[in-house]
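Listing of target_36.txt; format and content: compact mmCIF, C-alpha atoms.
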```
# COMPACT_ATOMS: atom_id res chain seq x y z
CA MET X 25 67.80 184.40 190.69
CA SER X 26 70.03 182.97 188.02
CA LYS X 27 68.96 179.50 186.89
CA LEU X 28 71.03 176.32 186.92
CA ARG X 29 70.59 174.83 183.44
CA LEU X 30 71.68 171.26 182.79
CA LYS X 31 72.38 170.34 179.18
CA ILE X 32 73.38 166.85 178.29
CA ALA X 33 73.17 164.38 175.39
CA MET X 34 71.81 160.90 176.01
CA SER X 35 71.21 157.78 173.93
CA LEU X 36 67.74 156.25 173.59
CA ASP X 37 68.78 153.66 176.14
CA GLY X 38 69.84 156.29 178.63
CA PHE X 39 73.62 156.51 178.33
CA VAL X 40 75.70 159.69 178.17
CA ALA X 41 78.90 157.75 177.49
CA GLY X 42 79.80 154.28 176.32
CA PRO X 43 81.83 151.71 178.20
CA GLU X 44 85.59 151.89 178.82
CA GLN X 45 85.88 155.65 179.23
CA SER X 46 89.49 156.83 179.43
CA VAL X 47 91.62 159.91 178.89
CA GLN X 48 92.20 158.67 175.36
CA ASN X 49 88.47 158.08 174.79
CA PRO X 50 86.51 160.17 177.32
CA LEU X 51 83.16 159.35 175.75
CA GLY X 52 83.76 155.60 175.90
CA ILE X 53 83.15 153.11 173.11
CA GLY X 54 80.45 154.42 170.81
CA GLY X 55 79.80 157.45 172.99
CA MET X 56 80.57 159.83 170.13
CA ARG X 57 77.35 158.68 168.45
CA VAL X 58 75.34 160.53 171.07
CA HIS X 59 76.93 163.79 169.95
CA GLU X 60 77.00 163.37 166.18
CA TRP X 61 74.06 165.70 165.65
CA VAL X 62 76.00 168.68 167.01
CA PHE X 63 79.24 168.56 165.02
CA PRO X 64 77.89 169.79 161.66
CA LEU X 65 76.14 172.77 163.24
CA LYS X 66 77.40 176.25 162.52
CA ALA X 67 76.24 177.24 166.01
CA TRP X 68 78.51 174.61 167.56
CA ARG X 69 81.42 175.15 165.19
CA SER X 70 81.49 178.88 165.81
CA GLU X 71 81.43 178.23 169.58
CA MET X 72 84.51 176.06 169.03
CA GLY X 73 86.16 178.74 166.90
CA MET X 74 85.61 176.94 163.59
CA GLN X 75 84.27 178.33 160.32
CA GLY X 76 81.32 177.05 158.33
CA GLY X 77 78.72 174.52 159.23
CA GLU X 78 75.03 174.07 158.67
CA THR X 79 71.90 175.56 160.14
CA ASN X 80 68.96 173.30 160.98
CA GLU X 81 66.23 172.85 163.59
CA SER X 82 68.87 172.22 166.26
CA SER X 83 70.62 175.54 165.70
CA ALA X 84 68.17 177.66 167.67
CA VAL X 85 68.31 175.18 170.55
CA VAL X 86 72.10 175.33 170.73
CA GLU X 87 72.05 179.11 170.49
CA GLU X 88 69.47 179.36 173.25
CA LEU X 89 71.55 177.10 175.47
CA ASN X 90 74.64 179.21 174.95
CA ALA X 91 72.87 182.52 175.54
CA ASN X 92 72.73 184.39 178.84
CA LEU X 93 75.31 182.18 180.58
CA GLY X 94 77.62 183.72 183.13
CA ALA X 95 79.33 180.61 184.51
CA THR X 96 79.66 176.87 183.99
CA ILE X 97 79.88 173.95 186.40
CA MET X 98 81.33 170.62 185.31
CA GLY X 99 82.42 167.36 186.87
CA ARG X 100 86.03 166.32 187.17
CA ASN X 101 85.80 163.81 184.32
CA MET X 102 84.46 166.41 181.95
CA PHE X 103 87.39 168.67 182.71
CA GLY X 104 89.55 165.63 182.10
CA GLY X 105 93.02 164.53 183.02
CA HIS X 106 94.18 161.46 184.81
CA PRO X 107 92.30 160.37 187.89
CA GLY X 108 94.02 161.06 191.17
CA PRO X 109 95.66 164.24 192.45
CA TRP X 110 96.74 166.89 189.96
CA ASP X 111 100.31 166.67 188.74
CA ALA X 112 101.79 170.03 189.82
CA ALA X 113 104.77 169.60 187.50
CA LYS X 114 102.65 169.14 184.38
CA PRO X 115 99.09 170.09 185.17
CA TRP X 116 96.28 169.09 182.84
CA THR X 117 94.65 172.17 181.32
CA GLY X 118 91.51 170.61 179.87
CA TRP X 119 90.62 169.24 176.44
CA TRP X 120 90.19 172.58 174.76
CA GLY X 121 93.65 174.09 174.21
CA ALA X 122 94.71 177.60 175.16
CA ASN X 123 91.32 179.23 174.59
CA PRO X 124 88.38 177.04 175.70
CA PRO X 125 84.87 177.77 174.40
CA TYR X 126 83.37 178.96 177.70
CA HIS X 127 84.65 182.54 177.99
CA HIS X 128 83.39 182.84 181.54
CA PRO X 129 84.27 181.35 184.93
CA VAL X 130 84.14 177.55 185.06
CA PHE X 131 83.85 175.60 188.32
CA VAL X 132 85.16 172.04 188.33
CA LEU X 133 83.86 169.62 190.97
CA THR X 134 86.78 167.59 192.30
CA HIS X 135 88.20 166.03 195.43
CA HIS X 136 91.68 167.33 194.63
CA PRO X 137 92.55 170.95 195.58
CA ARG X 138 94.31 172.97 192.93
CA GLU X 139 95.01 176.65 192.25
CA PRO X 140 92.68 178.28 189.70
CA LEU X 141 93.72 177.86 186.08
CA VAL X 142 93.52 181.05 184.02
CA LEU X 143 93.44 180.52 180.27
CA GLU X 144 92.82 182.90 177.37
CA GLY X 145 89.48 184.39 176.44
CA GLY X 146 88.01 184.82 179.90
CA ASN X 147 88.28 181.14 180.74
CA THR X 148 89.09 180.72 184.42
CA PHE X 149 88.79 177.24 185.92
CA THR X 150 88.22 177.11 189.67
CA PHE X 151 88.50 173.74 191.40
CA VAL X 152 85.84 173.24 194.04
CA THR X 153 86.44 170.58 196.67
CA ASP X 154 83.68 171.37 199.14
CA GLY X 155 80.67 170.06 197.27
CA ILE X 156 77.98 170.86 194.73
CA GLU X 157 76.21 173.54 196.76
CA SER X 158 79.41 175.48 197.23
CA ALA X 159 80.15 175.21 193.50
CA LEU X 160 76.67 176.46 192.66
CA GLU X 161 76.95 179.35 195.08
CA GLN X 162 80.33 180.37 193.65
CA ALA X 163 79.08 180.00 190.09
CA ARG X 164 75.97 182.08 190.75
CA ARG X 165 78.08 184.81 192.29
CA ALA X 166 80.48 184.74 189.35
CA ALA X 167 77.63 184.73 186.81
CA GLY X 168 76.62 188.28 187.71
CA GLY X 169 72.90 187.75 187.26
CA LYS X 170 73.18 185.48 184.22
CA ASP X 171 72.41 181.78 184.32
CA VAL X 172 74.75 178.94 185.25
CA SER X 173 75.33 176.04 182.87
CA LEU X 174 75.72 172.53 184.25
CA ALA X 175 77.71 170.95 181.47
CA GLY X 176 77.91 167.39 182.83
CA GLY X 177 79.02 164.71 183.01
CA ALA X 178 76.59 162.18 184.36
CA LYS X 179 77.82 162.12 187.95
CA ALA X 180 77.66 165.89 188.31
CA ALA X 181 74.20 165.89 186.73
CA GLN X 182 73.00 163.15 189.07
CA GLN X 183 74.16 165.01 192.16
CA TYR X 184 72.44 168.26 191.21
CA LEU X 185 69.28 166.47 190.05
CA ALA X 186 69.06 164.40 193.22
CA ALA X 187 69.42 167.56 195.30
CA GLY X 188 66.63 169.26 193.35
CA LEU X 189 68.96 172.10 192.36
CA VAL X 190 68.46 171.97 188.58
CA ASP X 191 66.08 174.67 187.27
CA GLU X 192 66.14 173.64 183.61
CA MET X 193 67.12 170.33 182.05
CA HIS X 194 67.87 169.99 178.37
CA VAL X 195 68.21 166.39 177.23
CA HIS X 196 69.44 165.91 173.69
CA LEU X 197 68.10 162.43 172.97
CA ALA X 198 70.04 160.66 170.22
CA PRO X 199 68.08 157.87 168.49
CA VAL X 200 70.83 155.29 168.98
CA LEU X 201 71.62 152.53 171.45
CA LEU X 202 74.93 152.24 173.26
CA GLY X 203 74.04 149.06 175.14
CA GLU X 204 76.28 149.84 178.09
CA GLY X 205 78.21 152.70 179.63
CA GLU X 206 77.36 155.54 181.98
CA ARG X 207 73.66 156.21 182.58
CA LEU X 208 72.41 159.78 182.96
CA PHE X 209 69.69 158.98 185.51
CA GLU X 210 71.46 156.30 187.54
CA GLY X 211 70.16 156.66 191.07
CA VAL X 212 67.85 159.54 190.17
CA ALA X 213 64.14 158.76 190.48
CA ASP X 214 62.64 162.19 191.03
CA LEU X 215 62.68 165.19 188.73
CA HIS X 216 61.68 167.51 191.62
CA GLY X 217 58.94 169.16 189.61
CA LEU X 218 60.84 169.45 186.33
CA THR X 219 58.25 168.99 183.58
CA LEU X 220 58.56 168.63 179.82
CA VAL X 221 57.84 172.09 178.46
CA ARG X 222 59.18 171.92 174.88
CA THR X 223 60.28 169.36 172.33
CA VAL X 224 62.26 170.13 169.20
CA ALA X 225 62.30 167.12 166.91
CA THR X 226 64.88 166.48 164.20
CA PRO X 227 65.92 163.29 162.43
CA LYS X 228 69.20 163.13 164.36
CA VAL X 229 68.18 164.24 167.82
CA THR X 230 65.16 165.09 169.96
CA HIS X 231 65.66 168.13 172.17
CA LEU X 232 63.63 167.78 175.37
CA LYS X 233 63.43 170.85 177.60
CA PHE X 234 62.27 170.44 181.20
CA ALA X 235 61.48 173.27 183.57
CA ARG X 236 59.29 174.02 186.56
CA PRO X 237 55.91 175.31 185.40
CA MET F 26 55.54 140.98 153.39
CA SER F 27 53.64 142.00 156.46
CA LYS F 28 55.70 144.06 158.92
CA LEU F 29 56.39 143.30 162.56
CA ARG F 30 55.60 146.53 164.40
CA LEU F 31 56.72 146.97 167.99
CA LYS F 32 54.84 149.54 170.04
CA ILE F 33 55.83 150.20 173.60
CA ALA F 34 55.81 152.98 176.18
CA MET F 35 59.02 153.83 178.02
CA SER F 36 60.08 156.31 180.70
CA LEU F 37 62.82 158.87 180.08
CA ASP F 38 65.16 156.64 182.06
CA GLY F 39 64.37 153.62 179.92
CA PHE F 40 61.84 151.61 181.90
CA VAL F 41 58.65 150.02 180.59
CA ALA F 42 57.54 148.96 184.06
CA GLY F 43 58.44 149.89 187.61
CA PRO F 44 59.80 147.58 190.29
CA GLU F 45 57.83 144.86 192.07
CA GLN F 46 55.65 143.77 189.16
CA SER F 47 52.93 141.32 190.17
CA VAL F 48 49.56 140.03 189.04
CA GLN F 49 48.00 142.69 191.25
CA ASN F 50 50.23 145.40 189.80
CA PRO F 51 51.54 144.23 186.41
CA LEU F 52 53.15 147.59 185.62
CA GLY F 53 55.10 147.69 188.88
CA ILE F 54 55.38 150.64 191.23
CA GLY F 55 54.93 153.86 189.28
CA GLY F 56 54.70 152.04 185.95
CA MET F 57 51.28 153.49 185.25
CA ARG F 58 52.92 156.90 184.82
CA VAL F 59 54.44 155.72 181.55
CA HIS F 60 50.94 155.17 180.15
CA GLU F 61 49.09 158.18 181.52
CA TRP F 62 49.14 159.98 178.18
CA VAL F 63 46.99 157.30 176.54
CA PHE F 64 44.04 156.97 178.93
CA PRO F 65 42.27 160.26 178.11
CA LEU F 66 42.41 159.58 174.36
CA LYS F 67 39.20 158.87 172.49
CA ALA F 68 41.23 156.64 170.15
CA TRP F 69 42.30 154.47 173.08
CA ARG F 70 38.96 154.54 174.90
CA SER F 71 37.06 153.44 171.83
CA GLU F 72 39.56 150.59 171.32
CA MET F 73 38.73 149.53 174.88
CA GLY F 74 34.98 149.83 174.24
CA MET F 75 34.55 153.06 176.20
CA GLN F 76 32.72 156.22 175.20
CA GLY F 77 34.10 159.75 175.09
CA GLY F 78 37.65 160.95 175.45
CA GLU F 79 39.76 163.65 173.90
CA THR F 80 41.53 164.10 170.61
CA ASN F 81 45.04 165.52 170.56
CA GLU F 82 48.36 165.14 168.72
CA SER F 83 48.67 161.56 169.99
CA SER F 84 45.36 160.46 168.48
CA ALA F 85 46.62 160.01 164.93
CA VAL F 86 49.61 158.04 166.22
CA VAL F 87 47.39 155.65 168.16
CA GLU F 88 45.04 155.28 165.20
CA GLU F 89 47.94 154.57 162.85
CA LEU F 90 49.29 151.94 165.22
CA ASN F 91 45.94 150.19 165.40
CA ALA F 92 45.34 150.26 161.65
CA ASN F 93 46.15 147.45 159.24
CA LEU F 94 46.90 144.91 161.95
CA GLY F 95 46.05 141.26 161.35
CA ALA F 96 47.62 139.63 164.40
CA THR F 97 49.36 140.44 167.68
CA ILE F 98 52.30 138.85 169.48
CA MET F 99 52.82 139.36 173.20
CA GLY F 100 54.94 137.98 176.00
CA ARG F 101 53.58 135.77 178.74
CA ASN F 102 53.67 138.55 181.34
CA MET F 103 51.60 140.82 179.15
CA PHE F 104 48.95 138.14 178.78
CA GLY F 105 49.15 137.82 182.55
CA GLY F 106 48.29 135.21 185.08
CA HIS F 107 50.43 133.56 187.69
CA PRO F 108 53.86 132.36 186.68
CA GLY F 109 54.24 128.66 186.22
CA PRO F 110 52.09 126.18 184.31
CA TRP F 111 48.51 127.11 183.45
CA ASP F 112 45.85 125.99 185.93
CA ALA F 113 43.59 123.78 183.79
CA ALA F 114 40.80 123.93 186.37
CA LYS F 115 40.60 127.72 186.40
CA PRO F 116 42.59 129.06 183.48
CA TRP F 117 43.54 132.73 183.35
CA THR F 118 41.84 134.44 180.41
CA GLY F 119 43.82 137.67 180.29
CA TRP F 120 43.25 141.13 181.76
CA TRP F 121 40.61 142.20 179.30
CA GLY F 122 37.38 140.34 180.18
CA ALA F 123 35.20 138.44 177.72
CA ASN F 124 35.93 140.65 174.70
CA PRO F 125 39.56 141.83 174.52
CA PRO F 126 40.48 144.81 172.35
CA TYR F 127 42.46 142.91 169.71
CA HIS F 128 39.76 141.38 167.51
CA HIS F 129 42.28 139.26 165.68
CA PRO F 130 44.53 136.28 166.45
CA VAL F 131 46.93 136.84 169.35
CA PHE F 132 50.05 134.73 169.88
CA VAL F 133 51.39 134.50 173.42
CA LEU F 134 55.04 133.53 173.94
CA THR F 135 55.26 131.08 176.82
CA HIS F 136 57.06 128.00 178.05
CA HIS F 137 53.81 126.36 179.13
CA PRO F 138 51.69 124.55 176.50
CA ARG F 139 47.98 125.32 176.56
CA GLU F 140 45.04 124.86 174.22
CA PRO F 141 44.03 128.00 172.31
CA LEU F 142 41.67 130.33 174.16
CA VAL F 143 38.77 131.58 172.04
CA LEU F 144 37.06 134.69 173.39
CA GLU F 145 34.42 136.98 171.91
CA GLY F 146 34.97 139.47 169.12
CA GLY F 147 37.49 137.51 167.08
CA ASN F 148 39.98 137.27 169.93
CA THR F 149 41.79 133.94 169.75
CA PHE F 150 44.85 133.46 171.95
CA THR F 151 47.32 130.84 170.75
CA PHE F 152 50.11 129.83 173.13
CA VAL F 153 53.43 129.40 171.37
CA THR F 154 56.10 127.35 173.12
CA ASP F 155 58.63 126.90 170.32
CA GLY F 156 60.13 130.37 170.19
CA ILE F 157 59.85 133.84 168.72
CA GLU F 158 60.42 132.88 165.09
CA SER F 159 57.65 130.30 165.22
CA ALA F 160 55.31 132.86 166.79
CA LEU F 161 56.16 135.39 164.09
CA GLU F 162 55.62 132.86 161.33
CA GLN F 163 52.24 131.84 162.75
CA ALA F 164 51.23 135.45 163.30
CA ARG F 165 52.19 136.46 159.76
CA ARG F 166 50.18 133.57 158.35
CA ALA F 167 47.19 134.50 160.51
CA ALA F 168 47.45 138.19 159.60
CA GLY F 169 46.44 137.54 156.00
CA GLY F 170 48.69 140.17 154.47
CA LYS F 171 48.20 142.76 157.19
CA ASP F 172 50.90 143.71 159.69
CA VAL F 173 51.72 142.02 162.98
CA SER F 174 51.78 144.01 166.22
CA LEU F 175 54.39 143.22 168.85
CA ALA F 176 52.62 144.49 171.93
CA GLY F 177 55.37 143.85 174.52
CA GLY F 178 56.39 143.46 177.22
CA ALA F 179 60.07 144.19 177.51
CA LYS F 180 61.36 140.65 177.30
CA ALA F 181 59.42 139.87 174.13
CA ALA F 182 60.57 143.17 172.62
CA GLN F 183 64.20 142.44 173.52
CA GLN F 184 64.12 139.02 171.90
CA TYR F 185 62.69 140.30 168.61
CA LEU F 186 64.96 143.37 168.58
CA ALA F 187 68.06 141.31 169.27
CA ALA F 188 67.13 138.95 166.43
CA GLY F 189 66.68 141.89 164.05
CA LEU F 190 63.08 140.86 163.33
CA VAL F 191 61.38 144.17 164.15
CA ASP F 192 60.45 146.20 161.04
CA GLU F 193 59.00 149.22 162.84
CA MET F 194 59.53 150.38 166.40
CA HIS F 195 57.26 152.92 168.04
CA VAL F 196 58.56 154.17 171.36
CA HIS F 197 56.16 156.32 173.34
CA LEU F 198 58.61 158.20 175.53
CA ALA F 199 57.01 159.50 178.73
CA PRO F 200 58.85 162.47 180.32
CA VAL F 201 59.02 160.84 183.74
CA LEU F 202 61.56 158.85 185.74
CA LEU F 203 60.80 155.50 187.33
CA GLY F 204 64.25 155.03 188.86
CA GLU F 205 64.09 151.24 188.71
CA GLY F 206 62.12 148.44 187.12
CA GLU F 207 62.23 146.65 183.78
CA ARG F 208 64.34 148.26 181.06
CA LEU F 209 63.19 148.15 177.45
CA PHE F 210 66.64 147.87 175.90
CA GLU F 211 68.31 145.63 178.48
CA GLY F 212 70.82 143.55 176.56
CA VAL F 213 69.97 145.18 173.23
CA ALA F 214 72.78 147.25 171.74
CA ASP F 215 71.94 147.18 168.03
CA LEU F 216 68.85 148.51 166.27
CA HIS F 217 69.65 146.46 163.15
CA GLY F 218 69.19 149.41 160.83
CA LEU F 219 66.09 150.85 162.51
CA THR F 220 66.36 154.62 162.15
CA LEU F 221 64.33 157.48 163.58
CA VAL F 222 61.94 158.46 160.80
CA ARG F 223 59.29 160.52 162.60
CA THR F 224 58.74 162.28 165.91
CA VAL F 225 55.40 163.48 167.19
CA ALA F 226 55.88 165.71 170.21
CA THR F 227 53.26 166.42 172.84
CA PRO F 228 53.56 167.72 176.41
CA LYS F 229 52.79 164.29 177.85
CA VAL F 230 54.65 161.95 175.50
CA THR F 231 57.10 161.92 172.61
CA HIS F 232 56.24 159.41 169.89
CA LEU F 233 59.41 158.13 168.23
CA LYS F 234 58.93 156.02 165.10
CA PHE F 235 61.84 153.92 163.86
CA ALA F 236 61.93 152.06 160.55
CA ARG F 237 64.42 150.87 157.99
CA PRO F 238 65.01 153.60 155.39
```

What is this file in structure tokens?
Amino acid sequence: MSKLRLKIAMSLDGFVAGPEQSVQNPLGIGGMRVHEWVFPLKAWRSEMGMQGGETNESSAVVEELNANLGATIMGRNMFGGHPGPWDAAKPWTGWWGANPPYHHPVFVLTHHPREPLVLEGGNTFTFVTDGIESALEQARRAAGGKDVSLAGGAKAAQQYLAAGLVDEMHVHLAPVLLGEGERLFEGVADLHGLTLVRTVATPKVTHLKFARP
Amino acid sequence: MSKLRLKIAMSLDGFVAGPEQSVQNPLGIGGMRVHEWVFPLKAWRSEMGMQGGETNESSAVVEELNANLGATIMGRNMFGGHPGPWDAAKPWTGWWGANPPYHHPVFVLTHHPREPLVLEGGNTFTFVTDGIESALEQARRAAGGKDVSLAGGAKAAQQYLAAGLVDEMHVHLAPVLLGEGERLFEGVADLHGLTLVRTVATPKVTHLKFARP
């Protein structure tokens, strides 16, 4: 069966975003520091449709994480837009512009029903209001045998982790402190058998891969 | 000048000890899981006066951390004993028995004055009531040019980190979740220039070494 693979970046003190998250600053104060390792990478830049970039020890990790994916699940905050019901007159279409970097079906966990959003490049956003298991079932069906990426944010990760539904967890540990913000493992005390199976160490980030042996 | 070197083990979700710490269970519920990587090591067993044990990627890290140390600083909880003033009639002498594994002067941060405790094997415990800077000054003087180890626990680590007095920080990151307990970086949001300079990865623990470049 296709795996559910969580990938998420976290600070040394356990935060995926800093305090005072908003539409203007979705990563919160200082939250960008958790992601700084990824921006110079050619593997990331090409995913985002940009030229150039460098290749280092993190490149193979990013490439592996992007390979064999047939669908993505994300929380409402990661899709973005103002909290509250969708504005039908001027609907938010995500952070990514006309052609997001997913190129496969994306399922957004939300409490607010909305018609699917079809963008360029195979990016179709489906809004799932009946819970994480329904989203996973829909994503697996859409993935056509490939794996499903759980792209975050923290609340979505926590729900799937707590339910024991994550098959692989990739934590990109940034060697920085945020001090406050949104914690990845808030309320999660059990990895449900997920075990550290590989570490890729670089000066800017430590890639920790967890799976069931 | 001799360096102040913090070494401490932490769970993936940032805890150095689990909940409900007590004299009977100083690491709290589940806290032992953060230290499981160290017990099989020959390098640790020989430090504790035990025979046998294994050698793996963590051995060199443990040996490096134990080398060139002239004094140790620890918090009151790490020295142990009941909270509150020392019982002069039956004073607590630490967890370690007659011959603790330090073999050099140890400075215990506490609010309760007490005469120094002289045990076998060069282990002298001095109780410092006038703050972390005084303890560091005394430890540096006692270390005779060697480095000073900051052995924990969390509160002692937090005070020295917040004051920018730590020259090297070794975090032994255990790939487990505790869910609750005592957080290493509670209230600490600034590493004062400490930067990740080396990672040693093993299946049971990730050794992260921070220093000033």

**OP:** Find the residues of chain X in contact range of chain F, meaning any atom within 6 Å when counting all atoms listed in the file, and list them as JSON, numbers by chain.
**Re:** {"X": [37, 38, 201, 202, 203, 212, 213]}

May I have the residues from that selection written out with C-alpha atoms, as a PDB file, in the coordinates of the input?
```pdb
ATOM      1  CA  ASP X  37      68.780 153.660 176.140  1.00  0.00           C
ATOM      2  CA  GLY X  38      69.840 156.290 178.630  1.00  0.00           C
ATOM      3  CA  LEU X 201      71.620 152.530 171.450  1.00  0.00           C
ATOM      4  CA  LEU X 202      74.930 152.240 173.260  1.00  0.00           C
ATOM      5  CA  GLY X 203      74.040 149.060 175.140  1.00  0.00           C
ATOM      6  CA  VAL X 212      67.850 159.540 190.170  1.00  0.00           C
ATOM      7  CA  ALA X 213      64.140 158.760 190.480  1.00  0.00           C
TER       8      ALA X 213
END
```

**OP:** Can you pull out every residue within 6 Å of range 160-170 of chain X, counting all atoms listed in the file, but drop anything in the same chain fewer than 4 positions away, and send it as a ChimeraX atom specification?
**Re:** /X:26,92-95

**OP:** Counting all atoms listed in the file, figure out which residue out of X:Leu30, X:Leu141, X:Val172, X:Ala181 gets nearest to Ala112 in chain X.
**Re:**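 Closest to Ala112 in chain X of all the choices is X:Leu141.
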
**OP:** Rounded to one decimal place, report the CA of Glu139 in chain X-CA of Gly99 in chain X distance in Å.
**Re:** 16.5 Å

Could you name the residues that touch Gly73 in chain X at 10 Å or less, counting only C-alpha atoms, but leaving out those on the same chain fewer than 4 positions away, as a tab-separated table (two decimals) with C-alpha atoms, in the frame of the given file?
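Here's the written file out.tsv:
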```
chain	number	residue	atom	x	y	z
X	68	TRP	CA	78.51	174.61	167.56
X	69	ARG	CA	81.42	175.15	165.19
X	123	ASN	CA	91.32	179.23	174.59
X	124	PRO	CA	88.38	177.04	175.70
X	125	PRO	CA	84.87	177.77	174.40
```

Original post:
Rounded to one decimal in Å, what is the spacing between CA of Ala175 in chain X and CA of Val59 in chain F?
Top reply: 27.8 Å

**OP:** Skip Met102 in chain X itself and residues of its chain fewer than 4 positions away, then list as a ChimeraX atom specification all residues within 8 Å of it, counting only C-alpha atoms.
**Re:** /X:98,176-177

Original post:
Near Gly121 in chain X, within 12 Å and counting all atoms listed in the file, which residues show up once chain neighbours fewer than 3 positions away are dropped, as a list of chain:residue names?
Top reply: X:Met72, X:Gly73, X:Phe103, X:Trp116, X:Thr117, X:Gly118, X:Pro124, X:Pro125, X:Tyr126, X:Leu143, X:Glu144, X:Gly145, X:Asn147

Which centre and which edge lengths, in Å to one decimal, describe the axis-aligned box that holds all listed atoms of range 84-89 of chain X after 5 Å is added on each side, as AutoDock Vina command-line options?
```
--center_x 70.1 --center_y 177.3 --center_z 171.6 --size_x 13.9 --size_y 14.2 --size_z 17.8
```

Subject >> Atomic distance CA of Glu60 in chain X - CA of Ser82 in chain X, expressed in Å with one decimal >> reply: 12.0 Å

**OP:** Could you tell me which of X:Thr148, X:Ser70, X:Thr79, X:Asn101 comes closest to His135 in chain X if we count all atoms listed in the file?
**Re:**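 Using all atoms listed in the file, His135 in chain X sits closest to X:Asn101.
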